[in-house]
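*Asks:* Below is a structure I'd like to ask you about.
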Amino acid sequence: MDKTNIYKGLGIDEDVFRYGEGICDELSGRFARIDEVSEINQLKVIGAMQECRVSEACLGTTTGYGYNDIGRDTLEEVYAKVFHTEAALVRPLIACGTHALAIALFGNLRPGDELISIAGKPYDTLEEVIGIRPSRGSLAEYGITYSQVDLLPNGNFDLDGIKKAISDKTKMVTIQRSKGYEVRKTLSVAQIGEAIACVKSVRPDIICMVDNCYGEFTETIEPSDVGADLIVGSLIKNPGGGLAPVGGYIAGKAEYVENASYRMTCPGLGSEVGPSLGVNPAFYQGFFMAPIVTASALKGAIFAANVYERLGFSALPDGKEDRHDIIESITLGSPEAVVAFCKGIQKAAPVDSFVTPEPWDMPGYDDPVVMAAGAFVQGSSIELSADGPIRPPYSVYFQGGLTWPSAKLGILMSLQEMKNAGLVEIPKIQS
C-alpha cells in the first residue's frame with residue numbers, strides 16, 4: 001500500500017507529507033547516531049538485569065505492607081546498577097516527578113537549611129513545593145530558605161555566581177536538567193558535572209540533586225556518573241518506557257536515599273514498606289524498553305525542530321544541536337498557533353484523538369495551560385504529547401512518541417493544523 005495514501009487517509013495532505021519526507025531523508029545519519037546511543041543504554045539495562053538476577057519471581061506482586069517484595073527490591077538494585085548509585089527507590093507510591101523531588105527535598109532538608117537552585121527558576125509545579133509561590137506545607141513554612149543563581153545568557157552555569165551564593169546554611173543544591181517552561185537550553189551531563197565540581201570545591205558536604213526528568217538515556221552517561229548525590233525522575237517519562245502506569249524514582253548515595261524513604265512513607269519504616277500492587281512487570285519491562293522508546297522520542301524532537309525551524313520559527317534546541325533531553329520547544333508567537341499545534345498532536349494520538357484540547361487553569365501553574373496528551377497512561381510525557389502556557393512568547397513544548405512513526409505523524413499533524421488555520425505556508429516539494 002502506498003504510504004502517501006495512508007497519510008492522506010489520516011488527514012495529511014500531499015504538500016505537508018512531501019515537506020516532511022524531504023526532511024526525514026536528510027536526518028538519516030543523525031538518527032543512526034541516536035540508535036548507537038540507544039544500543040549502548042539497552043545493553044547497560046540488560047546487563048544490570050542479568051547481574052541482579054531478575055527472575056520470574058520478581059514479576060509477582062504484594063499488597064498491604066509489602067514486606068519482602070523481591071520484585072520491588074530487585075528492581076531498585078537494577079536502577080542503582082544502571083545509574084551507578086549506591087541505592088534507589090522505585091515506587092508506585094510516588095505519584096509524579098514533582099512528588100519524587102518533594103520527597104527528596106523534604107527528606108534531606110531541615111529547618112534553618114538553605115536550598116539553592118543553580119539553573120535558574122525551577123519548573124512551575126516545584127515553586128509551591130519550595131514556597132516561591134506561597135503554599136501550605138512548603139519548604140518555606142518549615143523554615144527552609146531558598147535562593148537561585150540564574151544561568152548565563154549563553155545558557156551555561158554561572159560558576160562564579162554559584163561560588164558566591166553558597167553560604168554556611170547551604171545544605172543542598174538542585175539542578176534542573178531540562179528546561180521546563182523556560183526558553184533555555186537543556187543542560188548536558190558534562191555541564192552538570194562541571195557545576196557539581198564547582199559546588200564541591202567550595203563545600204564537599206553540600207548535597208547535589210539533579211532533576212533528571214526527560215533526560216534519562218538521551219546520553220550514554222547520567223548525572224550520577226559525574227558527581228550528583230541524588231538523581232530524581234518520573235516513571236511516566238523516559239525510564240518507564242511508556243509501560244509504567246505510575247511511579248517515580250530517587251537514586252543516589254545510600255544515606256540520602258534512605259532519608260528520602262522516611263519522607264516517602266514515615267520515620268522508622270522508610271523503604272521497608274510499600275506494596276508493588278501488581279506493577280512490577282510493567283516497571284521491569286518499561287525500564288527494559290526505555291532506551292529504545294527514548295530514542296524514538298529523540299528522533300521526533302529533532303524532526304520537529306527541523307520542520308518548524310525551516311518555516312521561520314525559533315526552535316530550541318535548534319535542528320542541528322546535540323540533544324540532552326526529549327523536549328523540543330518551538331516559539332510560535334501567538335496563542336492561536338500554540339492551540340493549533342496541540343490540536344494536531346491530539347489528532348495524531350492513538351487514544352482520545354477525537355478530543356479537542358483547550359487552555360485551562362491547571363493546578364500548580366501560574367497561567368492557563370493547553371495540553372495534548374492522547375496517552376495510554378494519563379499525563380505520560382514519554383508518549384506523544386505537547387503543552388504550553390498561554391503566555392508570551394507563546395512557546396509550545398513537544399515531547400514523546402513511543403515509536404518514531406507515531407512521533408513523526410504527530411509533527412506532521414501539528415503542521416497540518418497550523419496550515420488549515422492559515423498560520424503557516426508549506427513550500428511545495430516536487431515529487
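Chain labels run A, B, ... following the order of the C-alpha cells; each chain numbers its residues from 1, and ligands are numbered from 1 in the order shown.
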Excluding A:Ser334 and its own-chain neighbours fewer than 4 positions away, which residues fall within 9 Å of it when counting only C-alpha atoms? Please give them as a PyMOL selection string.

*Replies:* chain A and resi 338-339+390-395

*Asks:* Generate a file of the selected residues that holds N, CA and C atoms, formatted as a compact mmCIF listing (two decimals), in the first residue's frame.

*Replies:*
# COMPACT_ATOMS: atom_id res chain seq x y z
N VAL A 338 -0.22 28.09 19.27
CA VAL A 338 0.03 27.08 20.30
C VAL A 338 -1.13 26.09 20.37
N VAL A 339 -2.35 26.61 20.34
CA VAL A 339 -3.53 25.75 20.42
C VAL A 339 -3.64 24.88 19.17
N ILE A 390 -0.16 29.63 28.15
CA ILE A 390 -0.63 30.70 27.25
C ILE A 390 -0.08 32.02 27.78
N ARG A 391 1.19 32.26 27.45
CA ARG A 391 1.88 33.48 27.84
C ARG A 391 3.00 33.73 26.83
N PRO A 392 3.35 35.01 26.64
CA PRO A 392 4.45 35.30 25.70
C PRO A 392 5.72 34.59 26.14
N PRO A 393 6.55 34.15 25.20
CA PRO A 393 6.48 34.36 23.74
C PRO A 393 5.64 33.32 23.01
N TYR A 394 4.75 32.62 23.74
CA TYR A 394 3.86 31.61 23.17
C TYR A 394 4.65 30.46 22.53
N SER A 395 5.34 29.78 23.43
CA SER A 395 6.12 28.60 23.02
C SER A 395 5.33 27.34 23.35

*Asks:* Contacts of A:Ser224 at 10 Å or less, counting only C-alpha atoms, minus same-chain residues fewer than 3 places along, as JSON, numbers by chain?

*Replies:* {"A": [80, 83, 84, 85, 189, 192, 193, 208, 209, 210, 212, 221, 227, 228, 229, 230, 231, 251, 252, 253]}

*Asks:* Using only C-alpha atoms, can you tell me which of A:Glu219, A:His324, A:Ser406, A:Ala254 comes closest to A:Glu39?

*Replies:* A:Glu219

*Asks:* Extract the full set of alpha helix (DSSP H) residues from stretch 86-223 of chain A according to DSSP on the backbone, and format it as a PyMOL selection string.

*Replies:* chain A and resi 97-108+124-130+159-165+189-202

*Asks:* Go ahead and save the residues from that selection, with C-alpha atoms, as a tab-separated table (two decimals), in the first residue's frame.

*Replies:*
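Saved to selection_20.tsv:
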chain	number	residue	atom	x	y	z
A	97	GLY	CA	8.18	13.72	39.18
A	98	THR	CA	7.25	16.69	41.37
A	99	HIS	CA	6.31	14.30	44.17
A	100	ALA	CA	9.65	12.49	43.83
A	101	LEU	CA	11.52	15.79	44.04
A	102	ALA	CA	9.47	16.87	47.07
A	103	ILE	CA	10.27	13.59	48.83
A	104	ALA	CA	13.99	14.05	48.20
A	105	LEU	CA	13.89	17.68	49.34
A	106	PHE	CA	11.85	17.18	52.49
A	107	GLY	CA	13.78	14.03	53.35
A	108	ASN	CA	17.16	15.76	53.31
A	124	ASP	CA	6.30	25.72	37.75
A	125	THR	CA	4.98	22.85	39.88
A	126	LEU	CA	8.06	22.95	42.13
A	127	GLU	CA	7.51	26.58	43.05
A	128	GLU	CA	4.81	25.72	45.57
A	129	VAL	CA	6.87	22.85	46.99
A	130	ILE	CA	9.71	25.28	47.69
A	159	LEU	CA	30.21	29.30	38.19
A	160	ASP	CA	31.41	32.49	39.88
A	161	GLY	CA	27.87	33.33	40.91
A	162	ILE	CA	27.39	29.82	42.32
A	163	LYS	CA	30.52	30.12	44.48
A	164	LYS	CA	29.37	33.49	45.82
A	165	ALA	CA	25.85	32.21	46.59
A	189	VAL	CA	25.65	15.77	31.63
A	190	ALA	CA	29.11	17.27	31.08
A	191	GLN	CA	27.86	20.75	32.02
A	192	ILE	CA	26.13	19.38	35.10
A	193	GLY	CA	29.35	17.64	36.13
A	194	GLU	CA	31.27	20.90	35.84
A	195	ALA	CA	28.72	22.71	38.03
A	196	ILE	CA	28.76	19.95	40.66
A	197	ALA	CA	32.58	20.09	40.77
A	198	CYS	CA	32.30	23.84	41.31
A	199	VAL	CA	29.90	23.37	44.25
A	200	LYS	CA	32.03	20.62	45.81
A	201	SER	CA	35.15	22.79	45.54
A	202	VAL	CA	33.51	25.24	47.92
